Amino acid sequence: MSRSVREYVRRPRTGWFDLALGELWEYRDLLGALAWRNLTVRYKQSLLGIGWAVLKPVMQMIVFSVVFGRLADLPSDGMPYPVFLYAGLLPWTYFSTTITSASGSLLGGGNMINKVYFPRMILPFSYLFTGLLDLALAMVVLFGMMVWYRADMAFGPQMLLFPIFLVPAVACAGGLSLWLCALAVRYRDVHHLVPYLLQLGMFATPVVYAVQLLPERFRWLLQLNPMTGVIEGFRWALLGKPVEGWGLLVGGFGVALLLLFSGMVYFRRVERTLADVI
C-alpha cells in the first residue's frame with residue numbers, strides 16, 4: 001500500500017507588509033518550548049535559582065531608596081518611597097531584562113537557524129513570556145511591602161486592571177527586541193551597546209521619580225516613551241496613585257504598537273538573508 005507524502009514548499013515572501021502572522025500561530029508549540037528552555041537555562045545550576053527574579057528588583061529598590069529617597073529626597077506622591085519605587089521597577093525590570101536577552105537571541109540561535117526552518121521571529125518573542133514569570137514572582141514582594149508600610153492601603157477593584165498595562169510593555173519590549181536583534185546580526189557591537197542604552201532609558205522614564213518632578217511644559221515628551229504610561233498605569237492600578245494625564249497612557253500605547261509593527265516589518269526584511277549573515 002502506497003503512502004501519500006505531503007510536500008511543503010517554502011517561497012520567499014514579497015512585499016514590505018507580508019508578516020506571516022499565521023505562521024507564528026502554527027509554531028506556537030515551539031514558542032512555548034523555547035520560552036521554557038530560556039527559563040530553565042537562566043537559573044540552571046545557580047545557588048538561588050528562580051529567587052534571582054525577586055532578588056534583582058529588591059536590591060535595586062534598596063539602593064535607589066537610599067540614594068534617591070533618603071539622600072536626594074525625591075517626591076513620591078505621598079506614598080512610602082520604597083513602595084512607589086518598587087512598583088515602577090517591576091515593569092521596567094521586565095522590559096530591560098527582556099530586551100537584554102532577546103537582542104542576542106539570533107546570534108545565540110545561529111545553529112538552529114542554519115539547520116532547520118522555523119519562523120525566526122520566535123527566538124526573540126520567546127523571551128517576552130519568560131520575563132512574565134519573573135514579574136509575577138516579584139509582585140508578591142510588592143503586596144508584602146504594601147501591607148508592611150501602610151496597612152490601611154486600599155486594595156481596590158482597579159487592581160484587577162493592571163494586566164492591561166502589561167500589553168504596551170510587552171508590545172514595546174517585543175518591537176525593540178526585533179529591531180535590536182536584527183541590527184545585531186549585521187552590527188555585532190549593538191548587543192554590547194544595549195545595556196548602556198537601557199541604563200540611560202531608565203532615567204528618561206519616571207521609575208525613580210514622579211512625573212510632577214518634570215516641568216509641565218516638558219511632560220509631553222514623556223508621551224514619546226511608552227514605558228511612562230506602563231509605569232504610571234501600574235502605580236494607579238496597584239497603589240491607587242492618581243495618573244498625571246491619561247494622555248501619557250494612550251500616547252504610550254500607540255507608540256508601543258508602532259514600535260512592534262515597525263520592528264516586525266524590519267525583521268522580516270532582514271530575515272531573508274539571515275542564514276547567510278550569521
# chains A, B, ... in the order shown; residues from 1 in each chain; ligands from 1

$ closest_atom_pairs --of "segment 113-207 of chain A" --to "segment 218-230 of chain A" --cutoff "9 Å" --atoms "only C-alpha atoms" --output "CSV"
residue,atom,partner,partner_atom,distance
A:Phe165,CA,A:Val230,CA,5.4
A:Leu166,CA,A:Val230,CA,7.0
A:Val167,CA,A:Val230,CA,8.6
A:Pro168,CA,A:Val230,CA,6.8
A:Ala169,CA,A:Val230,CA,6.3
A:Cys172,CA,A:Pro226,CA,7.0
A:Ala204,CA,A:Asn225,CA,8.2
A:Thr205,CA,A:Thr228,CA,5.7
A:Pro206,CA,A:Thr228,CA,6.3
A:Val207,CA,A:Thr228,CA,8.3

$ write_last_selection --atoms "C-alpha atoms" --output "CSV table (one decimal), in the first residue's frame"
chain,number,residue,atom,x,y,z
A,165,PHE,CA,-0.9,47.9,31.3
A,166,LEU,CA,1.3,44.8,30.6
A,167,VAL,CA,0.1,44.9,26.9
A,168,PRO,CA,2.1,48.1,25.9
A,169,ALA,CA,5.1,46.8,27.9
A,172,CYS,CA,7.3,47.8,23.3
A,204,ALA,CA,14.4,59.0,31.0
A,205,THR,CA,11.4,57.1,32.4
A,206,PRO,CA,9.7,58.0,35.7
A,207,VAL,CA,10.9,55.0,37.6

$ closest_residue --among "A:Ala20, A:Ile231, A:Leu107, A:Ile164" --to "Tyr209 of chain A" --atoms "only C-alpha atoms"
A:Ile231

$ residues_around --residues "Ile122 of chain A" --least-positions-apart "2" --cutoff "10 Å" --atoms "only C-alpha atoms" --output "ChimeraX atom specification"
/A:24,27-28,30-32,34-35,105-106,118-120,124-127

$ write_last_selection --atoms "N, CA and C atoms" --output "compact mmCIF listing (two decimals), in the first residue's frame"
# COMPACT_ATOMS: atom_id res chain seq x y z
N LEU A 24 3.35 32.16 12.79
CA LEU A 24 3.71 32.20 14.21
C LEU A 24 2.75 31.35 15.03
N TYR A 27 3.43 27.62 14.81
CA TYR A 27 4.61 27.18 15.56
C TYR A 27 4.52 27.58 17.04
N ARG A 28 3.30 27.70 17.55
CA ARG A 28 3.13 28.14 18.94
C ARG A 28 3.72 27.14 19.94
N LEU A 30 6.47 25.40 19.53
CA LEU A 30 7.89 25.70 19.57
C LEU A 30 8.16 26.95 20.39
N LEU A 31 7.28 27.94 20.26
CA LEU A 31 7.42 29.17 21.04
C LEU A 31 7.37 28.87 22.53
N GLY A 32 6.42 28.03 22.95
CA GLY A 32 6.33 27.66 24.36
C GLY A 32 7.54 26.87 24.82
N LEU A 34 10.61 27.01 23.63
CA LEU A 34 11.77 27.90 23.74
C LEU A 34 11.67 28.80 24.96
N ALA A 35 10.46 29.27 25.27
CA ALA A 35 10.28 30.10 26.46
C ALA A 35 10.64 29.32 27.72
N SER A 105 19.34 37.02 20.74
CA SER A 105 18.72 35.71 20.50
C SER A 105 19.08 35.12 19.14
N LEU A 106 19.19 35.95 18.11
CA LEU A 106 19.53 35.44 16.78
C LEU A 106 20.97 34.95 16.74
N PHE A 118 12.09 27.40 10.81
CA PHE A 118 11.02 27.82 11.71
C PHE A 118 10.97 29.34 11.63
N PRO A 119 9.86 29.94 11.99
CA PRO A 119 9.80 31.41 11.96
C PRO A 119 10.85 32.01 12.89
N ARG A 120 11.80 32.71 12.35
CA ARG A 120 12.91 33.23 13.17
C ARG A 120 12.43 34.21 14.23
N PRO A 124 13.33 35.86 19.40
CA PRO A 124 13.20 37.00 20.33
C PRO A 124 11.87 37.01 21.07
N PHE A 125 10.79 36.55 20.43
CA PHE A 125 9.49 36.56 21.09
C PHE A 125 9.43 35.61 22.28
N SER A 126 10.24 34.56 22.28
CA SER A 126 10.19 33.61 23.39
C SER A 126 10.60 34.26 24.71
N TYR A 127 11.43 35.28 24.65
CA TYR A 127 11.86 35.95 25.89
C TYR A 127 10.77 36.85 26.46

$ residues_around --residues "Gly156 of chain A" --least-positions-apart "5" --cutoff "9 Å" --atoms "only C-alpha atoms" --output "list of chain:residue names"
A:Ala237, A:Leu238, A:Leu239, A:Gly240

$ residues_around --residues "Met264 of chain A" --least-positions-apart "5" --cutoff "8 Å" --atoms "only C-alpha atoms" --output "MDAnalysis selection string"
chainID A and resid 19 175 178:179

$ write_last_selection --atoms "N, CA and C atoms" --output "short mmCIF file (atom, residue, chain, number, x, y, z; two decimals), in the first residue's frame"
data_model
loop_
_atom_site.label_atom_id
_atom_site.label_comp_id
_atom_site.auth_asym_id
_atom_site.auth_seq_id
_atom_site.Cartn_x
_atom_site.Cartn_y
_atom_site.Cartn_z
N LEU A 19 3.85 39.83 6.84
CA LEU A 19 4.40 39.48 8.15
C LEU A 19 4.22 38.01 8.51
N GLY A 175 8.81 44.96 20.14
CA GLY A 175 9.22 45.78 18.99
C GLY A 175 10.69 46.14 19.04
N LEU A 178 12.94 43.11 18.37
CA LEU A 178 13.05 42.77 16.95
C LEU A 178 14.02 43.70 16.24
N TRP A 179 13.92 44.99 16.52
CA TRP A 179 14.85 45.94 15.91
C TRP A 179 16.29 45.64 16.29
#

$ select_by_dssp --residues "segment 72-267 of chain A" --states "helix (DSSP H, G or I)" --output "compact mmCIF listing (two decimals) with N, CA and C atoms, in the first residue's frame"
# COMPACT_ATOMS: atom_id res chain seq x y z
N TYR A 81 8.33 55.89 49.80
CA TYR A 81 9.16 55.87 48.60
C TYR A 81 9.55 54.46 48.17
N PRO A 82 9.89 53.54 49.07
CA PRO A 82 10.23 52.18 48.61
C PRO A 82 9.09 51.51 47.85
N VAL A 83 7.84 51.72 48.30
CA VAL A 83 6.69 51.11 47.61
C VAL A 83 6.50 51.77 46.24
N PHE A 84 6.57 53.10 46.23
CA PHE A 84 6.45 53.86 44.98
C PHE A 84 7.52 53.41 43.98
N LEU A 85 8.75 53.28 44.46
CA LEU A 85 9.87 52.90 43.60
C LEU A 85 9.73 51.48 43.09
N TYR A 86 9.40 50.55 43.98
CA TYR A 86 9.33 49.14 43.60
C TYR A 86 8.23 48.90 42.57
N ALA A 87 7.11 49.62 42.69
CA ALA A 87 6.03 49.48 41.71
C ALA A 87 6.46 49.94 40.33
N GLY A 88 7.41 50.87 40.26
CA GLY A 88 7.94 51.30 38.97
C GLY A 88 9.04 50.39 38.46
N LEU A 89 9.79 49.79 39.40
CA LEU A 89 10.87 48.89 38.99
C LEU A 89 10.35 47.59 38.39
N LEU A 90 9.18 47.14 38.81
CA LEU A 90 8.66 45.86 38.31
C LEU A 90 8.51 45.84 36.79
N PRO A 91 7.72 46.76 36.19
CA PRO A 91 7.62 46.71 34.73
C PRO A 91 8.93 47.07 34.04
N TRP A 92 9.73 47.96 34.63
CA TRP A 92 10.98 48.32 33.99
C TRP A 92 11.96 47.15 33.99
N THR A 93 12.01 46.38 35.07
CA THR A 93 12.89 45.21 35.12
C THR A 93 12.48 44.18 34.08
N TYR A 94 11.17 43.98 33.92
CA TYR A 94 10.69 43.07 32.87
C TYR A 94 11.14 43.57 31.50
N PHE A 95 10.95 44.85 31.26
CA PHE A 95 11.29 45.47 29.98
C PHE A 95 12.78 45.35 29.68
N SER A 96 13.62 45.74 30.61
CA SER A 96 15.06 45.76 30.37
C SER A 96 15.64 44.35 30.29
N THR A 97 15.17 43.43 31.14
CA THR A 97 15.68 42.06 31.10
C THR A 97 15.31 41.38 29.80
N THR A 98 14.08 41.61 29.34
CA THR A 98 13.63 41.01 28.08
C THR A 98 14.45 41.49 26.90
N ILE A 99 14.66 42.79 26.82
CA ILE A 99 15.42 43.34 25.69
C ILE A 99 16.87 42.88 25.73
N THR A 100 17.47 42.87 26.91
CA THR A 100 18.86 42.43 27.03
C THR A 100 19.03 41.01 26.53
N SER A 101 18.10 40.13 26.90
CA SER A 101 18.20 38.73 26.49
C SER A 101 17.84 38.54 25.02
N ALA A 102 16.75 39.20 24.58
CA ALA A 102 16.25 38.98 23.23
C ALA A 102 17.14 39.60 22.16
N SER A 105 19.34 37.02 20.74
CA SER A 105 18.72 35.71 20.50
C SER A 105 19.08 35.12 19.14
N LEU A 106 19.19 35.95 18.11
CA LEU A 106 19.53 35.44 16.78
C LEU A 106 20.97 34.95 16.74
N LEU A 107 21.87 35.68 17.37
CA LEU A 107 23.26 35.26 17.41
C LEU A 107 23.41 33.98 18.22
N GLY A 108 22.68 33.89 19.32
CA GLY A 108 22.75 32.68 20.14
C GLY A 108 22.09 31.47 19.50
N GLY A 110 22.10 30.70 16.26
CA GLY A 110 22.62 30.53 14.92
C GLY A 110 22.62 29.08 14.44
N ASN A 111 22.90 28.15 15.35
CA ASN A 111 22.92 26.73 14.97
C ASN A 111 21.54 26.25 14.55
N MET A 112 20.51 26.68 15.27
CA MET A 112 19.15 26.29 14.89
C MET A 112 18.75 26.90 13.55
N ILE A 113 19.11 28.15 13.36
CA ILE A 113 18.71 28.85 12.13
C ILE A 113 19.31 28.18 10.90
N ASN A 114 20.53 27.70 11.01
CA ASN A 114 21.21 27.11 9.86
C ASN A 114 20.84 25.65 9.61
N LYS A 115 20.13 25.02 10.54
CA LYS A 115 19.84 23.59 10.40
C LYS A 115 18.39 23.28 10.07
N ILE A 122 10.31 33.80 16.30
CA ILE A 122 10.01 33.09 17.54
C ILE A 122 11.14 33.24 18.55
N LEU A 123 12.37 33.33 18.09
CA LEU A 123 13.51 33.41 19.00
C LEU A 123 13.43 34.63 19.92
N PRO A 124 13.33 35.86 19.40
CA PRO A 124 13.20 37.00 20.33
C PRO A 124 11.87 37.01 21.07
N PHE A 125 10.79 36.55 20.43
CA PHE A 125 9.49 36.56 21.09
C PHE A 125 9.43 35.61 22.28
N SER A 126 10.24 34.56 22.28
CA SER A 126 10.19 33.61 23.39
C SER A 126 10.60 34.26 24.71
N TYR A 127 11.43 35.28 24.65
CA TYR A 127 11.86 35.95 25.89
C TYR A 127 10.77 36.85 26.46
N LEU A 128 9.78 37.22 25.66
CA LEU A 128 8.68 38.03 26.18
C LEU A 128 7.89 37.29 27.25
N PHE A 129 7.76 35.98 27.09
CA PHE A 129 6.98 35.18 28.03
C PHE A 129 7.82 34.73 29.22
N THR A 130 9.11 34.56 29.01
CA THR A 130 9.99 34.18 30.12
C THR A 130 9.98 35.23 31.22
N GLY A 131 10.03 36.50 30.82
CA GLY A 131 10.07 37.57 31.81
C GLY A 131 8.78 37.75 32.58
N LEU A 132 7.66 37.28 32.03
CA LEU A 132 6.38 37.44 32.73
C LEU A 132 6.34 36.62 34.02
N LEU A 133 6.97 35.46 34.02
CA LEU A 133 7.01 34.65 35.25
C LEU A 133 7.84 35.35 36.31
N ASP A 134 8.98 35.93 35.91
CA ASP A 134 9.79 36.70 36.85
C ASP A 134 8.98 37.85 37.45
N LEU A 135 8.21 38.52 36.60
CA LEU A 135 7.38 39.65 37.06
C LEU A 135 6.34 39.19 38.06
N ALA A 136 5.70 38.06 37.81
CA ALA A 136 4.68 37.55 38.72
C ALA A 136 5.27 37.23 40.09
N LEU A 137 6.45 36.65 40.12
CA LEU A 137 7.09 36.33 41.40
C LEU A 137 7.49 37.59 42.16
N ALA A 138 8.01 38.58 41.44
CA ALA A 138 8.44 39.81 42.09
C ALA A 138 7.26 40.61 42.64
N MET A 139 6.07 40.44 42.07
CA MET A 139 4.91 41.17 42.55
C MET A 139 4.47 40.72 43.94
N VAL A 140 4.81 39.50 44.32
CA VAL A 140 4.48 39.02 45.66
C VAL A 140 5.15 39.92 46.70
N VAL A 141 6.38 40.33 46.43
CA VAL A 141 7.10 41.22 47.35
C VAL A 141 6.40 42.57 47.45
N LEU A 142 5.87 43.08 46.33
CA LEU A 142 5.18 44.36 46.35
C LEU A 142 3.96 44.32 47.27
N PHE A 143 3.17 43.26 47.19
CA PHE A 143 2.00 43.15 48.06
C PHE A 143 2.41 43.10 49.52
N GLY A 144 3.51 42.42 49.81
CA GLY A 144 4.01 42.40 51.18
C GLY A 144 4.45 43.77 51.65
N MET A 145 5.09 44.54 50.76
CA MET A 145 5.53 45.88 51.12
C MET A 145 4.34 46.81 51.35
N MET A 146 3.29 46.64 50.56
CA MET A 146 2.10 47.47 50.72
C MET A 146 1.47 47.27 52.10
N VAL A 147 1.46 46.04 52.56
CA VAL A 147 0.92 45.74 53.89
C VAL A 147 1.86 46.26 54.98
N TRP A 148 3.15 46.12 54.77
CA TRP A 148 4.13 46.49 55.78
C TRP A 148 4.18 48.01 55.99
N TYR A 149 4.18 48.77 54.90
CA TYR A 149 4.35 50.21 55.01
C TYR A 149 3.05 50.94 55.32
N PRO A 157 -10.78 47.66 43.44
CA PRO A 157 -11.05 46.83 42.25
C PRO A 157 -10.17 47.18 41.06
N GLN A 158 -9.55 48.38 41.06
CA GLN A 158 -8.70 48.75 39.94
C GLN A 158 -7.46 47.86 39.85
N MET A 159 -7.17 47.13 40.93
CA MET A 159 -6.01 46.24 40.92
C MET A 159 -6.17 45.14 39.88
N LEU A 160 -7.42 44.80 39.55
CA LEU A 160 -7.67 43.77 38.56
C LEU A 160 -7.32 44.23 37.15
N LEU A 161 -7.11 45.54 36.98
CA LEU A 161 -6.85 46.09 35.65
C LEU A 161 -5.36 46.19 35.31
N PHE A 162 -4.50 45.85 36.27
CA PHE A 162 -3.08 46.05 35.99
C PHE A 162 -2.58 45.20 34.80
N PRO A 163 -3.14 43.99 34.52
CA PRO A 163 -2.65 43.27 33.33
C PRO A 163 -2.83 44.05 32.03
N ILE A 164 -3.81 44.99 32.00
CA ILE A 164 -3.99 45.78 30.78
C ILE A 164 -2.73 46.57 30.45
N PHE A 165 -2.05 47.04 31.49
CA PHE A 165 -0.86 47.86 31.27
C PHE A 165 0.37 47.01 30.94
N LEU A 166 0.22 45.70 31.02
CA LEU A 166 1.29 44.83 30.56
C LEU A 166 1.33 44.77 29.03
N VAL A 167 0.18 45.03 28.40
CA VAL A 167 0.10 44.92 26.93
C VAL A 167 1.08 45.87 26.25
N PRO A 168 1.08 47.18 26.56
CA PRO A 168 2.07 48.05 25.92
C PRO A 168 3.50 47.72 26.32
N ALA A 169 3.71 47.19 27.54
CA ALA A 169 5.06 46.80 27.95
C ALA A 169 5.56 45.65 27.09
N VAL A 170 4.71 44.65 26.85
CA VAL A 170 5.09 43.51 26.02
C VAL A 170 5.28 43.96 24.58
N ALA A 171 4.38 44.83 24.08
CA ALA A 171 4.50 45.31 22.70
C ALA A 171 5.77 46.12 22.50
N CYS A 172 6.08 46.99 23.45
CA CYS A 172 7.29 47.81 23.34
C CYS A 172 8.55 46.95 23.42
N ALA A 173 8.59 46.02 24.38
CA ALA A 173 9.75 45.14 24.51
C ALA A 173 9.90 44.27 23.26
N GLY A 174 8.77 43.79 22.72
CA GLY A 174 8.84 42.97 21.52
C GLY A 174 9.32 43.75 20.32
N GLY A 175 8.81 44.96 20.14
CA GLY A 175 9.22 45.78 18.99
C GLY A 175 10.69 46.14 19.04
N LEU A 176 11.16 46.62 20.19
CA LEU A 176 12.57 46.98 20.31
C LEU A 176 13.47 45.76 20.20
N SER A 177 13.02 44.62 20.73
CA SER A 177 13.82 43.39 20.62
C SER A 177 14.00 42.98 19.17
N LEU A 178 12.94 43.11 18.37
CA LEU A 178 13.05 42.77 16.95
C LEU A 178 14.02 43.70 16.24
N TRP A 179 13.92 44.99 16.52
CA TRP A 179 14.85 45.94 15.91
C TRP A 179 16.29 45.64 16.29
N LEU A 180 16.53 45.43 17.59
CA LEU A 180 17.89 45.29 18.07
C LEU A 180 18.53 43.97 17.67
N CYS A 181 17.76 42.87 17.74
CA CYS A 181 18.36 41.58 17.39
C CYS A 181 18.63 41.51 15.89
N ALA A 182 17.78 42.15 15.08
CA ALA A 182 18.04 42.19 13.64
C ALA A 182 19.26 43.05 13.32
N LEU A 183 19.39 44.19 14.01
CA LEU A 183 20.57 45.03 13.81
C LEU A 183 21.84 44.36 14.32
N ALA A 184 21.72 43.57 15.40
CA ALA A 184 22.90 42.92 15.98
C ALA A 184 23.49 41.87 15.05
N VAL A 185 22.67 41.32 14.16
CA VAL A 185 23.19 40.36 13.20
C VAL A 185 24.16 41.03 12.24
N ARG A 186 23.85 42.26 11.83
CA ARG A 186 24.72 43.00 10.91
C ARG A 186 25.82 43.75 11.64
N VAL A 190 26.09 46.12 18.54
CA VAL A 190 24.78 46.57 19.04
C VAL A 190 24.43 45.83 20.32
N HIS A 191 24.73 44.55 20.36
CA HIS A 191 24.40 43.74 21.54
C HIS A 191 25.14 44.25 22.78
N HIS A 192 26.34 44.76 22.61
CA HIS A 192 27.11 45.29 23.74
C HIS A 192 26.62 46.67 24.14
N LEU A 193 25.99 47.38 23.22
CA LEU A 193 25.52 48.74 23.49
C LEU A 193 24.19 48.75 24.24
N VAL A 194 23.43 47.67 24.13
CA VAL A 194 22.08 47.63 24.70
C VAL A 194 22.04 47.93 26.19
N PRO A 195 22.87 47.30 27.05
CA PRO A 195 22.79 47.60 28.49
C PRO A 195 23.00 49.07 28.82
N TYR A 196 23.88 49.75 28.10
CA TYR A 196 24.13 51.17 28.37
C TYR A 196 22.92 52.02 27.96
N LEU A 197 22.29 51.67 26.85
CA LEU A 197 21.11 52.39 26.42
C LEU A 197 19.96 52.21 27.41
N LEU A 198 19.85 51.02 27.97
CA LEU A 198 18.79 50.77 28.95
C LEU A 198 19.03 51.54 30.25
N GLN A 199 20.28 51.69 30.63
CA GLN A 199 20.58 52.48 31.83
C GLN A 199 20.15 53.93 31.62
N LEU A 200 20.44 54.48 30.45
CA LEU A 200 20.00 55.85 30.15
C LEU A 200 18.48 55.92 30.07
N GLY A 201 17.87 54.88 29.49
CA GLY A 201 16.42 54.87 29.35
C GLY A 201 15.69 54.86 30.67
N MET A 202 16.28 54.22 31.68
CA MET A 202 15.63 54.17 32.98
C MET A 202 15.48 55.56 33.58
N PHE A 203 16.48 56.41 33.39
CA PHE A 203 16.41 57.76 33.94
C PHE A 203 15.61 58.71 33.05
N VAL A 211 6.25 61.95 37.95
CA VAL A 211 6.08 62.75 36.73
C VAL A 211 6.07 64.23 37.06
N GLN A 212 5.54 64.60 38.23
CA GLN A 212 5.44 66.01 38.61
C GLN A 212 6.79 66.68 38.75
N LEU A 213 7.86 65.90 38.87
CA LEU A 213 9.18 66.47 39.02
C LEU A 213 9.62 67.17 37.73
N GLU A 216 5.89 71.15 33.67
CA GLU A 216 4.70 70.78 32.92
C GLU A 216 4.87 70.98 31.41
N ARG A 217 5.61 72.00 31.00
CA ARG A 217 5.76 72.26 29.58
C ARG A 217 6.60 71.19 28.87
N PHE A 218 7.30 70.35 29.64
CA PHE A 218 8.12 69.30 29.04
C PHE A 218 7.50 67.91 29.21
N ARG A 219 6.36 67.82 29.89
CA ARG A 219 5.80 66.50 30.17
C ARG A 219 5.30 65.79 28.93
N TRP A 220 5.00 66.56 27.88
CA TRP A 220 4.53 65.92 26.65
C TRP A 220 5.60 65.01 26.07
N LEU A 221 6.87 65.27 26.39
CA LEU A 221 7.94 64.42 25.91
C LEU A 221 7.82 63.00 26.45
N LEU A 222 7.23 62.88 27.64
CA LEU A 222 7.08 61.56 28.24
C LEU A 222 6.13 60.68 27.45
N GLN A 223 5.23 61.31 26.66
CA GLN A 223 4.31 60.52 25.86
C GLN A 223 5.04 59.75 24.76
N LEU A 224 6.24 60.22 24.39
CA LEU A 224 7.02 59.52 23.38
C LEU A 224 7.66 58.26 23.95
N PRO A 226 6.87 54.95 25.70
CA PRO A 226 5.73 54.11 26.05
C PRO A 226 5.81 53.53 27.45
N MET A 227 7.00 53.41 28.02
CA MET A 227 7.11 52.84 29.36
C MET A 227 6.64 53.81 30.43
N THR A 228 6.52 55.10 30.09
CA THR A 228 5.96 56.05 31.05
C THR A 228 4.52 55.68 31.38
N GLY A 229 3.71 55.43 30.34
CA GLY A 229 2.33 55.04 30.57
C GLY A 229 2.20 53.71 31.29
N VAL A 230 3.11 52.79 31.01
CA VAL A 230 3.09 51.48 31.69
C VAL A 230 3.32 51.65 33.18
N ILE A 231 4.34 52.41 33.53
CA ILE A 231 4.68 52.59 34.95
C ILE A 231 3.61 53.39 35.68
N GLU A 232 3.09 54.45 35.04
CA GLU A 232 2.01 55.21 35.65
C GLU A 232 0.77 54.34 35.82
N GLY A 233 0.50 53.49 34.83
CA GLY A 233 -0.65 52.59 34.93
C GLY A 233 -0.48 51.57 36.04
N PHE A 234 0.71 51.04 36.21
CA PHE A 234 0.98 50.10 37.30
C PHE A 234 0.74 50.76 38.65
N ARG A 235 1.25 51.98 38.81
CA ARG A 235 1.11 52.66 40.10
C ARG A 235 -0.34 53.03 40.37
N TRP A 236 -1.10 53.35 39.33
CA TRP A 236 -2.52 53.64 39.53
C TRP A 236 -3.28 52.38 39.91
N ALA A 237 -3.04 51.29 39.18
CA ALA A 237 -3.80 50.06 39.41
C ALA A 237 -3.43 49.41 40.75
N LEU A 238 -2.16 49.38 41.09
CA LEU A 238 -1.71 48.64 42.27
C LEU A 238 -1.67 49.49 43.54
N LEU A 239 -1.41 50.79 43.38
CA LEU A 239 -1.26 51.65 44.55
C LEU A 239 -2.36 52.70 44.67
N GLY A 247 -3.37 61.03 28.85
CA GLY A 247 -2.71 61.07 27.55
C GLY A 247 -1.39 60.33 27.56
N LEU A 248 -0.72 60.28 28.74
CA LEU A 248 0.52 59.52 28.85
C LEU A 248 0.29 58.05 28.55
N LEU A 249 -0.85 57.52 29.02
CA LEU A 249 -1.15 56.12 28.82
C LEU A 249 -1.54 55.84 27.38
N VAL A 250 -2.44 56.69 26.84
CA VAL A 250 -2.92 56.48 25.47
C VAL A 250 -1.78 56.68 24.47
N GLY A 251 -1.01 57.76 24.65
CA GLY A 251 0.10 58.03 23.75
C GLY A 251 1.16 56.94 23.79
N GLY A 252 1.46 56.46 25.00
CA GLY A 252 2.45 55.39 25.14
C GLY A 252 2.00 54.10 24.49
N PHE A 253 0.69 53.82 24.59
CA PHE A 253 0.14 52.62 23.98
C PHE A 253 0.32 52.68 22.46
N GLY A 254 0.04 53.84 21.87
CA GLY A 254 0.18 53.99 20.42
C GLY A 254 1.62 53.84 19.97
N VAL A 255 2.57 54.43 20.72
CA VAL A 255 3.98 54.33 20.36
C VAL A 255 4.46 52.88 20.46
N ALA A 256 3.97 52.16 21.49
CA ALA A 256 4.37 50.76 21.66
C ALA A 256 3.91 49.91 20.48
N LEU A 257 2.68 50.10 20.04
CA LEU A 257 2.17 49.35 18.90
C LEU A 257 2.94 49.70 17.62
N LEU A 258 3.29 50.98 17.48
CA LEU A 258 4.07 51.39 16.31
C LEU A 258 5.45 50.74 16.32
N LEU A 259 6.08 50.66 17.49
CA LEU A 259 7.37 50.00 17.60
C LEU A 259 7.27 48.53 17.24
N LEU A 260 6.20 47.87 17.71
CA LEU A 260 6.03 46.46 17.42
C LEU A 260 5.84 46.22 15.93
N PHE A 261 4.98 47.01 15.31
CA PHE A 261 4.70 46.83 13.88
C PHE A 261 5.95 47.11 13.04
N SER A 262 6.61 48.22 13.32
CA SER A 262 7.80 48.56 12.54
C SER A 262 8.92 47.55 12.76
N GLY A 263 9.03 47.04 14.00
CA GLY A 263 10.03 46.02 14.28
C GLY A 263 9.78 44.74 13.51
N MET A 264 8.51 44.34 13.40
CA MET A 264 8.17 43.14 12.64
C MET A 264 8.46 43.32 11.16
N VAL A 265 8.16 44.49 10.62
CA VAL A 265 8.42 44.77 9.20
C VAL A 265 9.92 44.71 8.92
N TYR A 266 10.71 45.39 9.77
CA TYR A 266 12.16 45.40 9.55
C TYR A 266 12.75 44.00 9.72
N PHE A 267 12.27 43.27 10.74
CA PHE A 267 12.80 41.93 10.99
C PHE A 267 12.54 41.03 9.79
